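Next comes input33.pdb, with PDB, C-alpha atoms and all ligand atoms.
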ATOM      1  CA  MET O   1     190.583 107.654 -58.597
ATOM      2  CA  LEU O   2     194.267 108.415 -59.056
ATOM      3  CA  LYS O   3     195.158 110.106 -62.282
ATOM      4  CA  LYS O   4     198.452 111.005 -63.865
ATOM      5  CA  LEU O   5     198.835 113.797 -66.359
ATOM      6  CA  PHE O   6     201.303 113.506 -69.188
ATOM      7  CA  SER O   7     201.940 116.241 -71.717
ATOM      8  CA  LYS O   8     202.969 115.843 -75.294
ATOM      9  CA  SER O   9     204.339 118.629 -77.477
ATOM     10  CA  LYS O  10     204.004 118.306 -81.222
ATOM     11  CA  LYS O  11     205.610 120.821 -83.516
ATOM     12  CA  GLY O  12     203.448 121.285 -86.590
ATOM     13  CA  LYS O  13     204.648 123.144 -89.697
ATOM     14  CA  GLN O  14     203.126 126.415 -88.610
ATOM     15  CA  SER O  15     201.979 125.903 -85.065
ATOM     16  CA  SER O  16     202.887 123.870 -82.056
ATOM     17  CA  ARG O  17     200.351 122.100 -79.895
ATOM     18  CA  VAL O  18     200.346 120.220 -76.660
ATOM     19  CA  GLU O  19     198.349 117.043 -76.252
ATOM     20  CA  GLU O  20     197.635 115.978 -72.726
ATOM     21  CA  PHE O  21     197.219 112.359 -71.791
ATOM     22  CA  LEU O  22     195.230 111.759 -68.693
ATOM     23  CA  LEU O  23     196.024 108.212 -67.641
ATOM     24  CA  ASP O  24     193.704 106.362 -65.323
ATOM     25  CA  ASN O  25     195.969 104.497 -62.911
ATOM     26  CA  GLU O  26     193.190 102.065 -62.140
ATOM     27  CA  CYS O  27     192.966 100.672 -65.639
ATOM     28  CA  LEU O  28     196.561 100.424 -66.706
ATOM     29  CA  PRO O  29     197.380  97.422 -68.883
ATOM     30  CA  SER O  30     198.966  94.707 -66.729
ATOM     31  CA  HIS O  31     200.919  93.213 -69.593
ATOM     32  CA  ILE O  32     202.240  95.186 -72.562
ATOM     33  CA  ALA O  33     203.863  93.340 -75.462
ATOM     34  CA  ILE O  34     205.920  95.204 -78.058
ATOM     35  CA  ILE O  35     207.098  94.264 -81.536
ATOM     36  CA  MET O  36     210.127  96.556 -81.717
ATOM     37  CA  ASP O  37     210.491  97.283 -85.411
ATOM     38  CA  GLY O  38     212.329  99.835 -87.513
ATOM     39  CA  ASN O  39     215.894  99.730 -86.186
ATOM     40  CA  GLY O  40     217.318  99.125 -89.668
ATOM     41  CA  ARG O  41     215.362 101.999 -91.238
ATOM     42  CA  TRP O  42     216.339 104.306 -88.389
ATOM     43  CA  ALA O  43     220.011 103.588 -89.121
ATOM     44  CA  LYS O  44     219.591 103.829 -92.885
ATOM     45  CA  LYS O  45     218.021 107.291 -92.581
ATOM     46  CA  ARG O  46     221.218 108.382 -90.850
ATOM     47  CA  ALA O  47     223.538 106.567 -93.272
ATOM     48  CA  MET O  48     224.634 104.331 -90.429
ATOM     49  CA  PRO O  49     225.066 100.530 -90.391
ATOM     50  CA  ARG O  50     221.994  98.523 -89.344
ATOM     51  CA  ILE O  51     223.669  97.484 -86.113
ATOM     52  CA  ALA O  52     223.772 101.131 -85.035
ATOM     53  CA  GLY O  53     219.967 101.010 -85.209
ATOM     54  CA  HIS O  54     219.914  97.907 -83.020
ATOM     55  CA  HIS O  55     222.238  99.583 -80.517
ATOM     56  CA  GLU O  56     219.940 102.590 -80.338
ATOM     57  CA  GLY O  57     216.996 100.175 -80.075
ATOM     58  CA  MET O  58     218.637  98.688 -76.996
ATOM     59  CA  GLN O  59     218.775 102.151 -75.389
ATOM     60  CA  THR O  60     215.049 102.484 -76.091
ATOM     61  CA  VAL O  61     214.458  99.160 -74.333
ATOM     62  CA  ARG O  62     216.101 100.618 -71.247
ATOM     63  CA  LYS O  63     214.025 103.826 -71.399
ATOM     64  CA  ILE O  64     210.715 102.049 -71.926
ATOM     65  CA  ALA O  65     211.453  99.474 -69.197
ATOM     66  CA  ARG O  66     212.055 102.329 -66.753
ATOM     67  CA  ILE O  67     208.776 104.006 -67.671
ATOM     68  CA  ALA O  68     206.821 100.731 -67.483
ATOM     69  CA  ASP O  69     208.311 100.127 -64.052
ATOM     70  CA  ASP O  70     207.526 103.674 -62.869
ATOM     71  CA  LEU O  71     203.924 103.247 -64.007
ATOM     72  CA  GLY O  72     203.547  99.941 -62.175
ATOM     73  CA  ILE O  73     203.034  97.782 -65.291
ATOM     74  CA  LYS O  74     203.352  94.114 -64.288
ATOM     75  CA  VAL O  75     204.835  92.571 -67.448
ATOM     76  CA  LEU O  76     206.643  94.020 -70.464
ATOM     77  CA  THR O  77     207.301  91.472 -73.218
ATOM     78  CA  LEU O  78     209.689  92.585 -75.957
ATOM     79  CA  TYR O  79     210.126  90.774 -79.280
ATOM     80  CA  ALA O  80     213.926  90.931 -79.544
ATOM     81  CA  PHE O  81     214.735  88.078 -81.961
ATOM     82  CA  SER O  82     212.392  85.829 -83.907
ATOM     83  CA  THR O  83     213.013  82.314 -85.192
ATOM     84  CA  GLU O  84     212.946  83.937 -88.666
ATOM     85  CA  ASN O  85     215.664  86.495 -87.820
ATOM     86  CA  TRP O  86     218.385  83.826 -88.307
ATOM     87  CA  ARG O  87     217.940  84.522 -92.043
ATOM     88  CA  ARG O  88     219.748  87.865 -91.638
ATOM     89  CA  PRO O  89     223.462  88.331 -92.456
ATOM     90  CA  LYS O  90     225.699  86.593 -89.915
ATOM     91  CA  SER O  91     227.290  89.864 -88.775
ATOM     92  CA  GLU O  92     223.861  91.292 -87.907
ATOM     93  CA  VAL O  93     222.754  88.089 -86.153
ATOM     94  CA  ASP O  94     226.001  88.061 -84.141
ATOM     95  CA  TYR O  95     225.405  91.637 -83.063
ATOM     96  CA  LEU O  96     221.782  90.973 -82.087
ATOM     97  CA  MET O  97     222.958  87.969 -80.069
ATOM     98  CA  SER O  98     225.465  90.143 -78.199
ATOM     99  CA  LEU O  99     222.798  92.644 -77.097
ATOM    100  CA  PRO O 100     221.342  90.729 -74.125
ATOM    101  CA  GLN O 101     224.796  90.458 -72.556
ATOM    102  CA  MET O 102     225.574  94.123 -73.237
ATOM    103  CA  PHE O 103     222.202  95.215 -71.910
ATOM    104  CA  LEU O 104     222.121  92.986 -68.853
ATOM    105  CA  ASN O 105     225.719  93.755 -67.832
ATOM    106  CA  SER O 106     225.170  97.472 -67.811
ATOM    107  CA  PHE O 107     221.552  97.526 -66.576
ATOM    108  CA  MET O 108     221.856  94.887 -63.812
ATOM    109  CA  PRO O 109     222.457  97.258 -60.856
ATOM    110  CA  GLU O 110     219.396  99.274 -61.855
ATOM    111  CA  LEU O 111     217.339  96.117 -62.449
ATOM    112  CA  MET O 112     218.101  95.038 -58.896
ATOM    113  CA  GLU O 113     217.442  98.486 -57.489
ATOM    114  CA  ARG O 114     214.100  98.612 -59.288
ATOM    115  CA  ASN O 115     213.198  95.039 -58.257
ATOM    116  CA  ILE O 116     212.767  94.055 -61.944
ATOM    117  CA  ARG O 117     212.721  90.377 -62.859
ATOM    118  CA  ILE O 118     214.170  89.145 -66.154
ATOM    119  CA  GLN O 119     212.455  86.326 -67.991
ATOM    120  CA  MET O 120     212.554  85.001 -71.524
ATOM    121  CA  ILE O 121     210.366  83.088 -73.929
ATOM    122  CA  GLY O 122     211.774  81.289 -76.953
ATOM    123  CA  ASP O 123     214.096  78.404 -77.715
ATOM    124  CA  LYS O 124     216.963  79.127 -75.312
ATOM    125  CA  GLU O 125     218.903  76.024 -76.319
ATOM    126  CA  GLY O 126     219.208  77.379 -79.873
ATOM    127  CA  LEU O 127     221.018  80.524 -78.685
ATOM    128  CA  PRO O 128     224.812  80.931 -78.726
ATOM    129  CA  ASN O 129     226.434  80.041 -75.385
ATOM    130  CA  ASN O 130     227.271  83.617 -74.393
ATOM    131  CA  THR O 131     223.731  84.826 -75.016
ATOM    132  CA  LYS O 132     222.260  81.883 -73.134
ATOM    133  CA  LYS O 133     224.657  82.386 -70.227
ATOM    134  CA  ALA O 134     223.856  86.113 -69.947
ATOM    135  CA  LEU O 135     220.118  85.399 -69.905
ATOM    136  CA  ASP O 136     220.451  82.458 -67.488
ATOM    137  CA  GLU O 137     222.540  84.507 -65.071
ATOM    138  CA  ALA O 138     220.145  87.462 -65.210
ATOM    139  CA  MET O 139     217.106  85.203 -64.706
ATOM    140  CA  GLU O 140     218.784  83.515 -61.756
ATOM    141  CA  LYS O 141     219.938  86.772 -60.185
ATOM    142  CA  THR O 142     216.546  88.479 -60.506
ATOM    143  CA  LYS O 143     214.326  85.459 -59.799
ATOM    144  CA  HIS O 144     213.205  86.748 -56.391
ATOM    145  CA  ASN O 145     212.459  90.257 -57.648
ATOM    146  CA  THR O 146     208.770  91.002 -57.390
ATOM    147  CA  GLY O 147     208.385  94.133 -59.521
ATOM    148  CA  LEU O 148     208.080  94.471 -63.296
ATOM    149  CA  ILE O 149     208.727  91.289 -65.276
ATOM    150  CA  LEU O 150     210.893  92.244 -68.255
ATOM    151  CA  ASN O 151     210.289  89.343 -70.594
ATOM    152  CA  PHE O 152     212.481  89.007 -73.697
ATOM    153  CA  ALA O 153     211.225  86.971 -76.637
ATOM    154  CA  MET O 154     214.540  85.619 -77.988
ATOM    155  CA  ASN O 155     214.685  82.996 -80.715
ATOM    156  CA  TYR O 156     210.921  83.009 -80.324
ATOM    157  CA  GLY O 157     208.304  81.860 -82.817
ATOM    158  CA  SER O 158     204.704  81.460 -81.816
ATOM    159  CA  ARG O 159     203.956  78.539 -84.140
ATOM    160  CA  ALA O 160     206.989  76.644 -82.822
ATOM    161  CA  GLU O 161     205.810  77.378 -79.273
ATOM    162  CA  ILE O 162     202.360  75.965 -80.044
ATOM    163  CA  VAL O 163     203.833  72.877 -81.753
ATOM    164  CA  ARG O 164     206.019  72.245 -78.698
ATOM    165  CA  ALA O 165     203.023  72.602 -76.376
ATOM    166  CA  MET O 166     200.989  70.167 -78.504
ATOM    167  CA  LYS O 167     203.812  67.607 -78.449
ATOM    168  CA  ASP O 168     204.237  67.943 -74.665
ATOM    169  CA  ILE O 169     200.514  67.418 -74.147
ATOM    170  CA  MET O 170     200.505  64.399 -76.496
ATOM    171  CA  ILE O 171     203.367  62.830 -74.527
ATOM    172  CA  GLU O 172     201.249  63.093 -71.383
ATOM    173  CA  VAL O 173     198.255  61.647 -73.247
ATOM    174  CA  ASN O 174     200.360  58.722 -74.511
ATOM    175  CA  ASN O 175     201.653  58.087 -70.991
ATOM    176  CA  GLY O 176     198.094  57.981 -69.739
ATOM    177  CA  ASN O 177     198.542  61.070 -67.534
ATOM    178  CA  ILE O 178     196.033  63.225 -69.418
ATOM    179  CA  SER O 179     192.801  62.212 -71.105
ATOM    180  CA  ILE O 180     191.876  63.810 -74.445
ATOM    181  CA  ASP O 181     188.722  65.220 -72.834
ATOM    182  CA  ALA O 182     190.803  67.113 -70.281
ATOM    183  CA  ILE O 183     192.514  69.194 -72.989
ATOM    184  CA  ASP O 184     191.041  72.685 -72.897
ATOM    185  CA  GLU O 185     192.191  76.295 -73.309
ATOM    186  CA  THR O 186     193.432  76.527 -69.723
ATOM    187  CA  MET O 187     195.579  73.441 -70.200
ATOM    188  CA  ILE O 188     197.055  74.747 -73.452
ATOM    189  CA  ASP O 189     197.848  78.046 -71.661
ATOM    190  CA  GLN O 190     199.770  76.041 -69.077
ATOM    191  CA  TYR O 191     201.928  74.353 -71.715
ATOM    192  CA  LEU O 192     202.934  77.613 -73.425
ATOM    193  CA  MET O 193     206.089  79.496 -72.468
ATOM    194  CA  THR O 194     203.930  82.275 -71.019
ATOM    195  CA  SER O 195     202.274  79.958 -68.486
ATOM    196  CA  ASN O 196     203.205  82.189 -65.522
ATOM    197  CA  LEU O 197     202.126  85.427 -67.202
ATOM    198  CA  PRO O 198     198.787  87.139 -67.759
ATOM    199  CA  GLU O 199     197.736  87.542 -71.409
ATOM    200  CA  PRO O 200     198.933  90.814 -72.967
ATOM    201  CA  ASP O 201     196.367  93.603 -72.640
ATOM    202  CA  LEU O 202     198.090  95.843 -75.152
ATOM    203  CA  LEU O 203     200.260  95.040 -78.169
ATOM    204  CA  ILE O 204     202.347  97.824 -79.675
ATOM    205  CA  ARG O 205     204.112  97.537 -83.017
ATOM    206  CA  THR O 206     206.351 100.319 -84.230
ATOM    207  CA  SER O 207     207.557 101.355 -87.715
ATOM    208  CA  GLY O 208     204.282 101.269 -89.640
ATOM    209  CA  GLU O 209     204.168  97.503 -90.249
ATOM    210  CA  VAL O 210     200.743  96.070 -89.442
ATOM    211  CA  ARG O 211     201.227  92.352 -88.880
ATOM    212  CA  LEU O 212     202.002  89.931 -86.065
ATOM    213  CA  SER O 213     205.107  88.252 -87.514
ATOM    214  CA  ASN O 214     204.567  84.990 -85.639
ATOM    215  CA  PHE O 215     204.383  86.718 -82.242
ATOM    216  CA  MET O 216     202.215  85.338 -79.399
ATOM    217  CA  LEU O 217     199.430  84.182 -81.744
ATOM    218  CA  TRP O 218     197.555  82.301 -79.022
ATOM    219  CA  GLN O 219     198.107  84.854 -76.269
ATOM    220  CA  LEU O 220     196.958  87.877 -78.317
ATOM    221  CA  ALA O 221     193.423  86.564 -78.914
ATOM    222  CA  TYR O 222     191.758  89.404 -76.959
ATOM    223  CA  THR O 223     194.612  91.908 -76.825
ATOM    224  CA  GLU O 224     194.142  95.521 -77.946
ATOM    225  CA  PHE O 225     196.491  96.444 -80.812
ATOM    226  CA  TRP O 226     198.180  99.815 -81.292
ATOM    227  CA  PHE O 227     200.333 100.555 -84.312
ATOM    228  CA  THR O 228     202.544 103.568 -84.895
ATOM    229  CA  ASP O 229     204.769 104.764 -87.742
ATOM    230  CA  ILE O 230     207.454 105.738 -85.235
ATOM    231  CA  LEU O 231     210.637 103.690 -85.617
ATOM    232  CA  TRP O 232     211.600 101.767 -82.463
ATOM    233  CA  PRO O 233     214.757 103.808 -81.664
ATOM    234  CA  ASP O 234     212.574 106.959 -81.744
ATOM    235  CA  PHE O 235     209.846 105.455 -79.550
ATOM    236  CA  ASP O 236     209.797 107.510 -76.371
ATOM    237  CA  HIS O 237     207.879 108.476 -73.268
ATOM    238  CA  GLN O 238     205.296 110.412 -75.261
ATOM    239  CA  SER O 239     204.704 107.568 -77.713
ATOM    240  CA  PHE O 240     204.302 105.131 -74.837
ATOM    241  CA  MET O 241     201.803 107.386 -73.066
ATOM    242  CA  GLU O 242     199.885 107.796 -76.315
ATOM    243  CA  ALA O 243     199.638 104.014 -76.704
ATOM    244  CA  ILE O 244     198.436 103.501 -73.133
ATOM    245  CA  HIS O 245     196.004 106.376 -73.450
ATOM    246  CA  ALA O 246     194.571 104.851 -76.649
ATOM    247  CA  TYR O 247     194.242 101.519 -74.819
ATOM    248  CA  GLN O 248     192.318 103.177 -71.996
ATOM    249  CA  LYS O 249     189.792 104.550 -74.479
ATOM    250  CA  ARG O 250     189.037 101.093 -75.889
ATOM    251  CA  ASN O 251     185.918  99.178 -74.930
ATOM    252  CA  ARG O 252     187.086  95.645 -74.157
ATOM    253  CA  ARG O 253     184.142  93.287 -74.478
ATOM    254  CA  TYR O 254     185.784  89.872 -75.043
ATOM    255  CA  GLY O 255     183.038  89.020 -77.534
ATOM    256  CA  GLY O 256     180.230  89.879 -75.101
ATOM    257  CA  LEU O 257     178.352  93.064 -74.284
ATOM    258  CA  LYS O 258     178.829  95.449 -71.398
ATOM    259  CA  GLY O 259     176.513  97.147 -68.881
ATOM    260  CA  GLU O 260     173.826  99.202 -70.667
ATOM    261  CA  GLU O 261     174.294  97.261 -73.925
ATOM    262  CA  MET O 262     172.942  94.138 -72.208
ATOM    263  CA  LYS O 263     169.566  95.761 -71.513
TER     264      LYS O 263
HETATM  265  C1  LIG Z   1     213.426  94.733 -86.022
HETATM  266  O1  LIG Z   1     213.841  95.868 -86.697
HETATM  267  C2  LIG Z   1     214.217  94.605 -84.813
HETATM  268  C3  LIG Z   1     214.917  93.492 -84.467
HETATM  269  C4  LIG Z   1     214.954  92.258 -85.264
HETATM  270  C5  LIG Z   1     215.750  93.491 -83.261
HETATM  271  C6  LIG Z   1     215.136  94.179 -82.108
HETATM  272  C7  LIG Z   1     216.132  94.301 -81.032
HETATM  273  C8  LIG Z   1     216.248  95.386 -80.241
HETATM  274  C9  LIG Z   1     215.363  96.567 -80.343
HETATM  275  C10 LIG Z   1     217.234  95.427 -79.153
HETATM  276  C11 LIG Z   1     216.975  94.334 -78.192
HETATM  277  C12 LIG Z   1     217.660  94.541 -76.943
HETATM  278  C13 LIG Z   1     217.954  93.584 -76.069
HETATM  279  C14 LIG Z   1     218.488  93.968 -74.774
HETATM  280  C15 LIG Z   1     217.797  92.149 -76.342
HETATM  281  P1  LIG Z   1     214.503  95.713 -88.128
HETATM  282  O2  LIG Z   1     215.950  95.514 -87.973
HETATM  283  O3  LIG Z   1     213.800  94.623 -88.886
HETATM  284  O4  LIG Z   1     214.192  97.111 -88.753
HETATM  285  P2  LIG Z   1     213.845  97.409 -90.280
HETATM  286  O5  LIG Z   1     212.504  96.758 -90.549
HETATM  287  O6  LIG Z   1     213.767  98.899 -90.302
HETATM  288  O7  LIG Z   1     214.946  96.865 -91.119
END

File written out as structure tokens:
Amino acid sequence: MLKKLFSKSKKGKQSSRVEEFLLDNECLPSHIAIIMDGNGRWAKKRAMPRIAGHHEGMQTVRKIARIADDLGIKVLTLYAFSTENWRRPKSEVDYLMSLPQMFLNSFMPELMERNIRIQMIGDKEGLPNNTKKALDEAMEKTKHNTGLILNFAMNYGSRAEIVRAMKDIMIEVNNGNISIDAIDETMIDQYLMTSNLPEPDLLIRTSGEVRLSNFMLWQLAYTEFWFTDILWPDFDHQSFMEAIHAYQKRNRRYGGLKGEEMK
């Protein structure tokens, strides 16, 4: 069994200690989803404008994508803009909408070198033209890449996604292409925006908030959750290893029992 050793240094008030994370390469999560929270607070703590926090958050996206790729994670889904985020001041929304272009322009050579594929979930048509164009171009350019799928949730809301799936299924029912009896969980999966992706194995939310905020409500049914007080711009290699290590210690039973427990 291949194992990777990661070290973590923590400076306490009086002593320093090193925590070692022994990751089992054979049970890495295939799909990690992250609610990246705390950019605003990170900026506020430094007396900087909120958008400075989002800019730093974008740098963290780059760092974490590299690590996920190095580890061989299959899918990394990042909650970058929710359908509720339109309620923020226009200047902040405009900045958030400029981030995909900024990120994809500068990261594209490395994305290609690393064989990373860009995807998105969310209502693309509701995005400003420049944002849509940047995402479309990146998805087109990377569509044959077979490595990590870097999946951005942009203008995404899980309830809206489920409503859309229900409507699409009902259209097929009305047209006589699907019978009511044929509707099951597998079919609903196929009508969601994540139809080509495995369900997330691990959900991470940063910044101390402990809620889902309308993120992948259907897909997270059996996902392991890991919450941290760390603000997204401060989330780093060590935090990521800690999350994956915690995941590997979980006993995933999907409502059933395992091995010895069955006897
Ligand atoms: C929530 O923190 C964060 C967001 C709404 C935006 C997240 C976006 C990024 C991390 C960058 C995305 C990068 C790309 C390439 C699309 P918050 O602003 O609500 O923080 P707060 O709760 O501390 O105010």

Residues of stretch 149-242 of chain O within 9 Å of stretch 53-63 of chain O: nearest atom pair and distance (Å, one decimal) for each, counting only C-alpha atoms, sorted by chain and number, as CSV?
residue,atom,partner,partner_atom,distance
O:Trp232,CA,O:Gly57,CA,6.1
O:Pro233,CA,O:Gly57,CA,4.6
O:Asp234,CA,O:Thr60,CA,7.6
O:Phe235,CA,O:Thr60,CA,6.9
O:Asp236,CA,O:Thr60,CA,7.3
O:His237,CA,O:Lys63,CA,7.9

Check every protein, DNA and RNA residue against ligand LIG 1 (chain Z), keep those with an atom at most 9 Å away (counting only C-alpha atoms and all ligand atoms), and present them as a PyMOL selection string. chain O and resi 35-44+50-51+53-62+78-82+85+92-93+96-104+152-154+207+209+231-233

What's around O:Ala182 at 12 Å? Count all atoms listed in the file, leave out sequence neighbours fewer than 3 positions away in its own chain, and write the answer as a list of chain:residue names.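 Once the adjacent positions are removed, what remains is O:Ile169, O:Met170, O:Glu172, O:Val173, O:Gly176, O:Asn177, O:Ile178, O:Ser179, O:Glu185, O:Thr186, O:Met187, O:Ile188.
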
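Computed from the coordinates, the atom CA of O:Asp229 to atom CA of O:Leu28 distance equals 23.0 Å.
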
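Reported to one decimal place, the separation of atom CA of O:Tyr191 from atom CA of O:Asn175 is 16.3 Å.
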
Using 4 Å of padding on each side, determine the axis-aligned box around all atoms of stretch 32-48 of chain O present in the file and give its centre and edge lengths in Å to one decimal, as lines of an AutoDock Vina configuration file.
center_x = 213.4
center_y = 100.9
center_z = -82.9
size_x = 30.4
size_y = 23.0
size_z = 28.7

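Atom CA of O:Leu203 is found 10.3 Å from atom CA of O:Tyr222.
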
Quiz prompt | Within 9 Å of stretch 240-248 of chain O using all atoms listed in the file, minus same-chain residues under 4 positions, as a list in words | solution = Phe6, Ser7, Lys8, Phe21, Leu22, Leu23, Asp24, Cys27, Leu28, Pro29, Ile64, Ile67, Ala68, Asp201, Leu202, Ile204, Glu224, Phe225, Trp226, Phe227, Thr228, Phe235 and Asp236 of chain O

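What the PyMOL selection byres (((chain O and resi 135) around 9) and not hetatm) matches in the given file is Pro100, Gln101, Leu104, Ile118, Gln119, Met120, Lys124, Asn130, Thr131, Lys132, Lys133, Ala134, Asp136, Glu137, Ala138, Met139 and Glu140 of chain O.
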
Requested in this report: Measuring atom to atom with only C-alpha atoms, identify which of O:Leu150, O:Ala47, O:Met193, O:Ile230 is nearest to O:Arg114.
Outcome: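 With only C-alpha atoms as the atom set, the closest residue is O:Leu150.
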
Tell me which of O:Ile162, O:Leu71, O:Leu192, O:Ala65 sits closest to O:Ile149, counting all atoms listed in the file.
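The closest residue to O:Ile149 is O:Ala65.
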
**Prompt:** So which residues touch O:Asn145 within 8 Å, counting all atoms listed in the file, skipping near sequence neighbours fewer than 3 positions away, as a PyMOL selection string?
**Reply:** chain O and resi 112+115-117+142
